[in-house]
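Visitor: I am attaching a structure below and will ask some questions about it afterwards.
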Protein chains: 2
Amino acid sequence: MNMDKKILLAHGSGGRLSHQLVEGLILPFLGNEILDRMDDSAVFELGGRIAFTTDSYVVNPIFFPGGNIGKLSVCGTVNDLAMSGARPLFLSLAFIIEEGFSLDDLSVITRSIKEVGQEAGVQIVTGDTKIVNRGSADRIFINTAGIGLIERDIDISGSNARVGDSILLSGNLGDHGIAVMSKREGLNFNLPVESDCAPLNSLVDDILSVSTDVHVLRDPTRGGLASSLNEIAQQSNVGIEIYEDKIPVDESVQSACEMLGFDALYVANEGKLTAFTAPHCSQDILDKMRLSEYGRNAQLIGKVTGEHPGRVIMRTRLGTNRIVDM
Amino acid sequence: MNMDKKILLAHGSGGRLSHQLVEGLILPFLGNEILDRMDDSAVFELGGRIAFTTDSYVVNPIFFPGGNIGKLSVCGTVNDLAMSGARPLFLSLAFIIEEGFSLDDLSVITRSIKEVGQEAGVQIVTGDTKIVNRGSADRIFINTAGIGLIERDIDISGSNARVGDSILLSGNLGDHGIAVMSKREGLNFNLPVESDCAPLNSLVDDILSVSTDVHVLRDPTRGGLASSLNEIAQQSNVGIEIYEDKIPVDESVQSACEMLGFDALYVANEGKLTAFTAPHCSQDILDKMRLSEYGRNAQLIGKVTGEHPGRVIMRTRLGTNRIVDM
């Protein structure tokens, strides 16, 4: 490929430059038997209970400590599939790129997509690239959609929380949001904060290998843990009680939050999950999670109660109760 | 829903306003049993040969004669599925919206998505909404991904064109591109040109009900018929011969093209397809296509030849041959 340094409008024309971009920069990283056919649709055999999800990624800055928009676009969709208990299999990948965007940056992003896709065991099987005029988009946006297969006899949903369930959290809150925000605002902390951006499907597999008595799985991304728990409380019409002293937050993240006036409960994560499990298996699941790279600091942070349905209450370190709003 | 007039950044926060937007404006139009669960993934039973595709829609202007970005985002993905011979079933829908965008416009777009989705027989089962800062996107971008099921014993691919195949075109070229361009540039023609934006899955079903000896289906969108035929010639390593006098172009589109210096062969369509069929069934298929709303002006426009593999040659009205480049 004659590698120009910048994306041109003609790269999105559907003509020769479009093909050069795909064949020179996308397929060498992401090619596989299905994608290489380059038809309008990917075609494959699949059967059973299928999970299907989509997310667009518009993160600013697109490169941040611990990841970039490409890694994020795979992890986010892999995780949404995993949260339904599905094994993620196939992803679509759609770029919207601003004219003038660096081809080197696109190459770094595409390489990240390849690497984390391999880690997660998913294939990119179909894609699209659109180029928009300078000023019509903020550098690059990515959309991925994903297809997974639910192979176990499970029924996991935000509406399935049951009174008595234990609530587990896989690790420290707020790393992603603070990493992105400090890069964007040019803030420096003593200890740099890295995004937790990671594919959680193997952690989910670990959880479900211990017990399938798991009722809810959710990754607290936008809006943080507070929003996820409120959604679940409302979807399931149950009360949720969490314990402030059990919620793990990294020290640097905590001081960044204090400096910026944030509450780590509301800050985005990209490599954490909360699991609502029957109480009888919660300790075994916790032990198993802690053996996993992405669950080392997992904690039991609360329980589901029949009181105050639709509401999340936190028992504070001072022993008082505080409503955790959406 | 307390209907503010404009999209705010907080509509994308994952918090209360996000939920109000989805529950007040999206679900009332698009809700169904799967989407209404509002989990991270849609879950459904499906089995067989599955087609999967994605496209982002960044059209400017977002409202144009004959359609809008919402209608386009359903038709485009439905058509990509149909071009693999699949019955389109499930769509994802992801909005990227600029802060300050009109909620009324969003409502019109969402209503169009509902209407054309119903016509095409597809359900929106999962979605995402991101809001970006004013100036970080051009009003609204939409991504859809789609899942369909290939129920017939067919093998349709851009790489399956065979020497001797008849090449059919479902109707007039260039309507979409000229409609969008004239709206964008503020041009007025004697007879206004409307986009051909339409779901083609029922036309494909008509074609395959006549014969499954169909080797290639493709909708000539970006880059027009010229780019599609060149792609097919290269994927299949065959020559393609088309006849200028058989290619239908509306009179207003033709004069707009002449005025603007375009060639209708390269102008985008959003409701046309080209079909490569075995010669023995091409007339029957053509007759059937002409009975359909979206195939009324279908024509046999050319054939596949063993000469000049990888190239598209047009026999002109003057009787000369012209290379149709990508």
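Following the order of the structure tokens, chains are lettered A, B, ..., residues in each are numbered from 1, and ligands are numbered from 1.
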Which polymer residues have any atom within 7 Å of an atom of Thr305 (chain A), counting only C-alpha atoms, with same-chain residues fewer than 5 positions away left out, as a ChimeraX atom specification?
Guide: /A:163-164,238-241
Visitor: I need the chosen residues saved as an mmCIF file, in the first residue's frame, with all heavy atoms.
Guide:
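Okay, this is what ended up in again_27.cif:
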data_model
loop_
_atom_site.group_PDB
_atom_site.id
_atom_site.type_symbol
_atom_site.label_atom_id
_atom_site.label_comp_id
_atom_site.auth_asym_id
_atom_site.auth_seq_id
_atom_site.Cartn_x
_atom_site.Cartn_y
_atom_site.Cartn_z
ATOM 1 N N VAL A 163 -34.104 -11.290 46.340
ATOM 2 C CA VAL A 163 -33.845 -10.942 47.741
ATOM 3 C C VAL A 163 -32.931 -12.004 48.336
ATOM 4 O O VAL A 163 -33.163 -13.206 48.170
ATOM 5 C CB VAL A 163 -35.168 -10.843 48.519
ATOM 6 C CG1 VAL A 163 -34.907 -10.667 50.014
ATOM 7 C CG2 VAL A 163 -35.989 -9.670 47.974
ATOM 8 N N GLY A 164 -31.872 -11.555 48.991
ATOM 9 C CA GLY A 164 -30.899 -12.469 49.584
ATOM 10 C C GLY A 164 -29.638 -12.637 48.755
ATOM 11 O O GLY A 164 -28.614 -13.104 49.276
ATOM 12 N N VAL A 238 -36.199 -4.576 43.471
ATOM 13 C CA VAL A 238 -35.666 -5.009 44.773
ATOM 14 C C VAL A 238 -34.872 -3.863 45.383
ATOM 15 O O VAL A 238 -34.536 -2.894 44.693
ATOM 16 C CB VAL A 238 -34.721 -6.223 44.618
ATOM 17 C CG1 VAL A 238 -35.473 -7.448 44.107
ATOM 18 C CG2 VAL A 238 -33.546 -5.876 43.697
ATOM 19 N N GLY A 239 -34.561 -3.975 46.667
ATOM 20 C CA GLY A 239 -33.654 -3.028 47.296
ATOM 21 C C GLY A 239 -32.229 -3.551 47.231
ATOM 22 O O GLY A 239 -32.000 -4.757 47.200
ATOM 23 N N ILE A 240 -31.283 -2.618 47.206
ATOM 24 C CA ILE A 240 -29.869 -3.009 47.200
ATOM 25 C C ILE A 240 -29.175 -2.278 48.335
ATOM 26 O O ILE A 240 -29.397 -1.081 48.553
ATOM 27 C CB ILE A 240 -29.215 -2.663 45.834
ATOM 28 C CG1 ILE A 240 -29.719 -3.654 44.770
ATOM 29 C CG2 ILE A 240 -27.691 -2.696 45.932
ATOM 30 C CD1 ILE A 240 -29.185 -3.398 43.373
ATOM 31 N N GLU A 241 -28.352 -3.052 49.074
ATOM 32 C CA GLU A 241 -27.623 -2.476 50.196
ATOM 33 C C GLU A 241 -26.144 -2.738 49.951
ATOM 34 O O GLU A 241 -25.753 -3.891 49.713
ATOM 35 C CB GLU A 241 -28.087 -3.202 51.472
ATOM 36 C CG GLU A 241 -27.752 -2.514 52.750
ATOM 37 C CD GLU A 241 -28.353 -3.291 53.938
ATOM 38 O OE1 GLU A 241 -29.588 -3.511 53.955
ATOM 39 O OE2 GLU A 241 -27.569 -3.711 54.808
#
Visitor: I want to know what sits within 12 Å of region 186-192 of chain A, based on only C-alpha atoms, with residues of the same chain fewer than 2 positions away left out; could you give that as a list in words?
Guide: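 These residues fall inside the cut-off: Pro61, Phe64, Pro65, Gly66, Asp175, His176, Ile178, Ala179, Val180, Met181, Ser182, Lys183, Arg184, Glu194, Ser195, Asp250, Glu251, Ser252, Val253, Gln254, Ser255, Ala256, Cys257, Met259 and Leu260 of chain A.
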Visitor: Would you output that residue set with N, CA, C and O atoms, as an mmCIF file, in the first residue's frame?
Guide:
data_model
loop_
_atom_site.group_PDB
_atom_site.id
_atom_site.type_symbol
_atom_site.label_atom_id
_atom_site.label_comp_id
_atom_site.auth_asym_id
_atom_site.auth_seq_id
_atom_site.Cartn_x
_atom_site.Cartn_y
_atom_site.Cartn_z
ATOM 1 N N PRO A 61 -9.559 11.680 25.350
ATOM 2 C CA PRO A 61 -8.696 11.426 24.190
ATOM 3 C C PRO A 61 -8.789 9.969 23.720
ATOM 4 O O PRO A 61 -9.187 9.096 24.494
ATOM 5 N N PHE A 64 -5.074 6.810 25.828
ATOM 6 C CA PHE A 64 -5.054 7.142 27.257
ATOM 7 C C PHE A 64 -4.244 6.070 27.978
ATOM 8 O O PHE A 64 -4.027 4.979 27.428
ATOM 9 N N PRO A 65 -3.790 6.354 29.205
ATOM 10 C CA PRO A 65 -2.988 5.347 29.916
ATOM 11 C C PRO A 65 -3.782 4.053 30.075
ATOM 12 O O PRO A 65 -4.899 4.073 30.595
ATOM 13 N N GLY A 66 -3.216 2.966 29.582
ATOM 14 C CA GLY A 66 -3.869 1.666 29.730
ATOM 15 C C GLY A 66 -4.681 1.240 28.523
ATOM 16 O O GLY A 66 -5.238 0.140 28.520
ATOM 17 N N ASP A 175 -11.008 3.448 37.780
ATOM 18 C CA ASP A 175 -9.707 3.586 37.103
ATOM 19 C C ASP A 175 -9.855 4.157 35.686
ATOM 20 O O ASP A 175 -9.109 5.060 35.292
ATOM 21 N N HIS A 176 -10.805 3.625 34.930
ATOM 22 C CA HIS A 176 -10.921 4.080 33.539
ATOM 23 C C HIS A 176 -11.294 5.565 33.467
ATOM 24 O O HIS A 176 -10.637 6.351 32.780
ATOM 25 N N ILE A 178 -11.016 7.989 35.580
ATOM 26 C CA ILE A 178 -9.977 8.920 36.056
ATOM 27 C C ILE A 178 -8.788 8.955 35.093
ATOM 28 O O ILE A 178 -8.218 10.019 34.832
ATOM 29 N N ALA A 179 -8.416 7.797 34.533
ATOM 30 C CA ALA A 179 -7.300 7.767 33.569
ATOM 31 C C ALA A 179 -7.612 8.650 32.363
ATOM 32 O O ALA A 179 -6.775 9.452 31.919
ATOM 33 N N VAL A 180 -8.835 8.527 31.846
ATOM 34 C CA VAL A 180 -9.229 9.301 30.668
ATOM 35 C C VAL A 180 -9.325 10.785 31.005
ATOM 36 O O VAL A 180 -8.827 11.656 30.284
ATOM 37 N N MET A 181 -9.940 11.064 32.149
ATOM 38 C CA MET A 181 -10.149 12.456 32.524
ATOM 39 C C MET A 181 -8.827 13.158 32.792
ATOM 40 O O MET A 181 -8.638 14.307 32.394
ATOM 41 N N SER A 182 -7.897 12.480 33.442
ATOM 42 C CA SER A 182 -6.638 13.154 33.759
ATOM 43 C C SER A 182 -5.816 13.362 32.496
ATOM 44 O O SER A 182 -5.148 14.389 32.364
ATOM 45 N N LYS A 183 -5.892 12.430 31.556
ATOM 46 C CA LYS A 183 -5.207 12.657 30.276
ATOM 47 C C LYS A 183 -5.844 13.843 29.548
ATOM 48 O O LYS A 183 -5.140 14.714 29.028
ATOM 49 N N ARG A 184 -7.172 13.883 29.542
ATOM 50 C CA ARG A 184 -7.870 14.951 28.817
ATOM 51 C C ARG A 184 -7.560 16.320 29.404
ATOM 52 O O ARG A 184 -7.348 17.290 28.699
ATOM 53 N N GLU A 194 -4.040 4.079 35.476
ATOM 54 C CA GLU A 194 -4.254 3.428 34.177
ATOM 55 C C GLU A 194 -5.696 2.949 34.064
ATOM 56 O O GLU A 194 -6.274 2.462 35.043
ATOM 57 N N SER A 195 -6.237 3.038 32.862
ATOM 58 C CA SER A 195 -7.563 2.471 32.607
ATOM 59 C C SER A 195 -7.545 0.975 32.896
ATOM 60 O O SER A 195 -6.549 0.297 32.667
ATOM 61 N N ASP A 250 -8.727 2.410 44.378
ATOM 62 C CA ASP A 250 -7.289 2.661 44.421
ATOM 63 C C ASP A 250 -7.026 4.022 45.063
ATOM 64 O O ASP A 250 -7.800 4.969 44.871
ATOM 65 N N GLU A 251 -5.912 4.122 45.798
ATOM 66 C CA GLU A 251 -5.611 5.351 46.539
ATOM 67 C C GLU A 251 -5.471 6.565 45.607
ATOM 68 O O GLU A 251 -5.999 7.639 45.894
ATOM 69 N N SER A 252 -4.777 6.380 44.476
ATOM 70 C CA SER A 252 -4.603 7.499 43.539
ATOM 71 C C SER A 252 -5.939 7.931 42.953
ATOM 72 O O SER A 252 -6.188 9.117 42.754
ATOM 73 N N VAL A 253 -6.786 6.947 42.672
ATOM 74 C CA VAL A 253 -8.105 7.270 42.126
ATOM 75 C C VAL A 253 -8.910 8.030 43.167
ATOM 76 O O VAL A 253 -9.580 9.024 42.862
ATOM 77 N N GLN A 254 -8.809 7.572 44.417
ATOM 78 C CA GLN A 254 -9.546 8.238 45.483
ATOM 79 C C GLN A 254 -9.108 9.689 45.630
ATOM 80 O O GLN A 254 -9.945 10.588 45.728
ATOM 81 N N SER A 255 -7.794 9.940 45.587
ATOM 82 C CA SER A 255 -7.369 11.336 45.763
ATOM 83 C C SER A 255 -7.712 12.166 44.527
ATOM 84 O O SER A 255 -8.071 13.341 44.663
ATOM 85 N N ALA A 256 -7.629 11.547 43.343
ATOM 86 C CA ALA A 256 -8.059 12.279 42.138
ATOM 87 C C ALA A 256 -9.533 12.646 42.237
ATOM 88 O O ALA A 256 -9.941 13.768 41.922
ATOM 89 N N CYS A 257 -10.352 11.705 42.694
ATOM 90 C CA CYS A 257 -11.782 11.972 42.849
ATOM 91 C C CYS A 257 -12.009 13.126 43.812
ATOM 92 O O CYS A 257 -12.828 14.018 43.550
ATOM 93 N N MET A 259 -9.949 15.526 44.586
ATOM 94 C CA MET A 259 -9.480 16.763 43.990
ATOM 95 C C MET A 259 -10.490 17.313 42.981
ATOM 96 O O MET A 259 -10.722 18.516 42.894
ATOM 97 N N LEU A 260 -11.093 16.393 42.199
ATOM 98 C CA LEU A 260 -11.961 16.807 41.094
ATOM 99 C C LEU A 260 -13.427 16.907 41.507
ATOM 100 O O LEU A 260 -14.274 17.332 40.718
#
Visitor: Tell me as JSON, numbers by chain which residues belonging to chain B come within 7 Å of chain A, counting only C-alpha atoms.
Guide: {"B": [13, 14, 15, 16, 39, 40, 41, 42, 43, 44, 45, 46, 47, 48, 49, 50, 51, 52, 53, 54, 55, 56, 80, 81, 83, 84, 92, 94, 126, 127, 128, 130, 136, 137, 138, 145, 157, 158, 222, 223, 227, 326]}
Visitor: What is the CA of Leu35 (chain B) to CA of Thr277 (chain A) distance in Å?
Guide: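 Interatomic distance here is 24.3 Å.
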Visitor: Please give the complete set of residues from region 12-67 of chain A that DSSP, run on the backbone, assigns to alpha helix (DSSP H), formatted as a ChimeraX atom specification.
Guide: /A:16-21,27-30
Visitor: Could those residues be written to a file, using N, CA and C atoms, as a PDB file, in the first residue's frame?
Guide:
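Once written, result28.pdb looks like this:
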ATOM      1  N   ARG A  16     -11.104   3.200  -5.358  1.00  0.00           N
ATOM      2  CA  ARG A  16      -9.804   2.556  -5.252  1.00  0.00           C
ATOM      3  C   ARG A  16      -9.138   2.795  -3.896  1.00  0.00           C
ATOM      4  N   LEU A  17      -9.137   4.054  -3.419  1.00  0.00           N
ATOM      5  CA  LEU A  17      -8.460   4.343  -2.151  1.00  0.00           C
ATOM      6  C   LEU A  17      -9.131   3.630  -0.977  1.00  0.00           C
ATOM      7  N   SER A  18     -10.462   3.490  -1.046  1.00  0.00           N
ATOM      8  CA  SER A  18     -11.166   2.742  -0.002  1.00  0.00           C
ATOM      9  C   SER A  18     -10.637   1.316   0.064  1.00  0.00           C
ATOM     10  N   HIS A  19     -10.489   0.720  -1.110  1.00  0.00           N
ATOM     11  CA  HIS A  19     -10.003  -0.658  -1.149  1.00  0.00           C
ATOM     12  C   HIS A  19      -8.564  -0.749  -0.665  1.00  0.00           C
ATOM     13  N   GLN A  20      -7.754   0.244  -1.042  1.00  0.00           N
ATOM     14  CA  GLN A  20      -6.364   0.241  -0.571  1.00  0.00           C
ATOM     15  C   GLN A  20      -6.306   0.337   0.952  1.00  0.00           C
ATOM     16  N   LEU A  21      -7.172   1.164   1.515  1.00  0.00           N
ATOM     17  CA  LEU A  21      -7.170   1.322   2.973  1.00  0.00           C
ATOM     18  C   LEU A  21      -7.512   0.000   3.647  1.00  0.00           C
ATOM     19  N   LEU A  27      -7.203  -5.436   6.707  1.00  0.00           N
ATOM     20  CA  LEU A  27      -7.126  -6.896   6.553  1.00  0.00           C
ATOM     21  C   LEU A  27      -5.812  -7.496   7.067  1.00  0.00           C
ATOM     22  N   PRO A  28      -4.644  -6.837   6.877  1.00  0.00           N
ATOM     23  CA  PRO A  28      -3.412  -7.450   7.377  1.00  0.00           C
ATOM     24  C   PRO A  28      -3.451  -7.695   8.888  1.00  0.00           C
ATOM     25  N   PHE A  29      -4.144  -6.830   9.623  1.00  0.00           N
ATOM     26  CA  PHE A  29      -4.256  -7.031  11.068  1.00  0.00           C
ATOM     27  C   PHE A  29      -5.411  -7.977  11.413  1.00  0.00           C
ATOM     28  N   LEU A  30      -6.530  -7.770  10.774  1.00  0.00           N
ATOM     29  CA  LEU A  30      -7.767  -8.365  11.278  1.00  0.00           C
ATOM     30  C   LEU A  30      -8.292  -9.499  10.404  1.00  0.00           C
TER      31      LEU A  30
END
Visitor: With a distance cut-off of 7 Å and only C-alpha atoms, select the neighbouring residues of region 207-213 of chain B, excluding the residue or stretch itself and same-chain residues fewer than 3 positions from it, and output the selection as a count of residues only.
Guide: 10
Visitor: Using only C-alpha atoms, can you tell me which of B:Ser236, B:Leu286, B:Val74, B:Ile124 comes closest to Glu33 (chain B)?
Guide: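 With only C-alpha atoms as the atom set, the closest residue is B:Ile124.
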Visitor: I'd like to know which residues of region 244-281 of chain A are strand (DSSP E or B) (by DSSP, run on the backbone); could you write them as a PyMOL selection string?
Guide: chain A and resi 274-277
Visitor: Looking at A:Leu225, A:Ile323, A:Leu291, A:Ile97, which one is nearest to Arg134 (chain A), with distances taken over only C-alpha atoms?
Guide: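 Under the stated criterion, the closest residue is A:Ile97.
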Visitor: Quick one: pull the distance between CA of Ile26 (chain A) and CA of Leu89 (chain A), Å, one decimal.
Guide: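 Spanning CA of Ile26 (chain A) to CA of Leu89 (chain A) is a straight-line distance of 19.1 Å.
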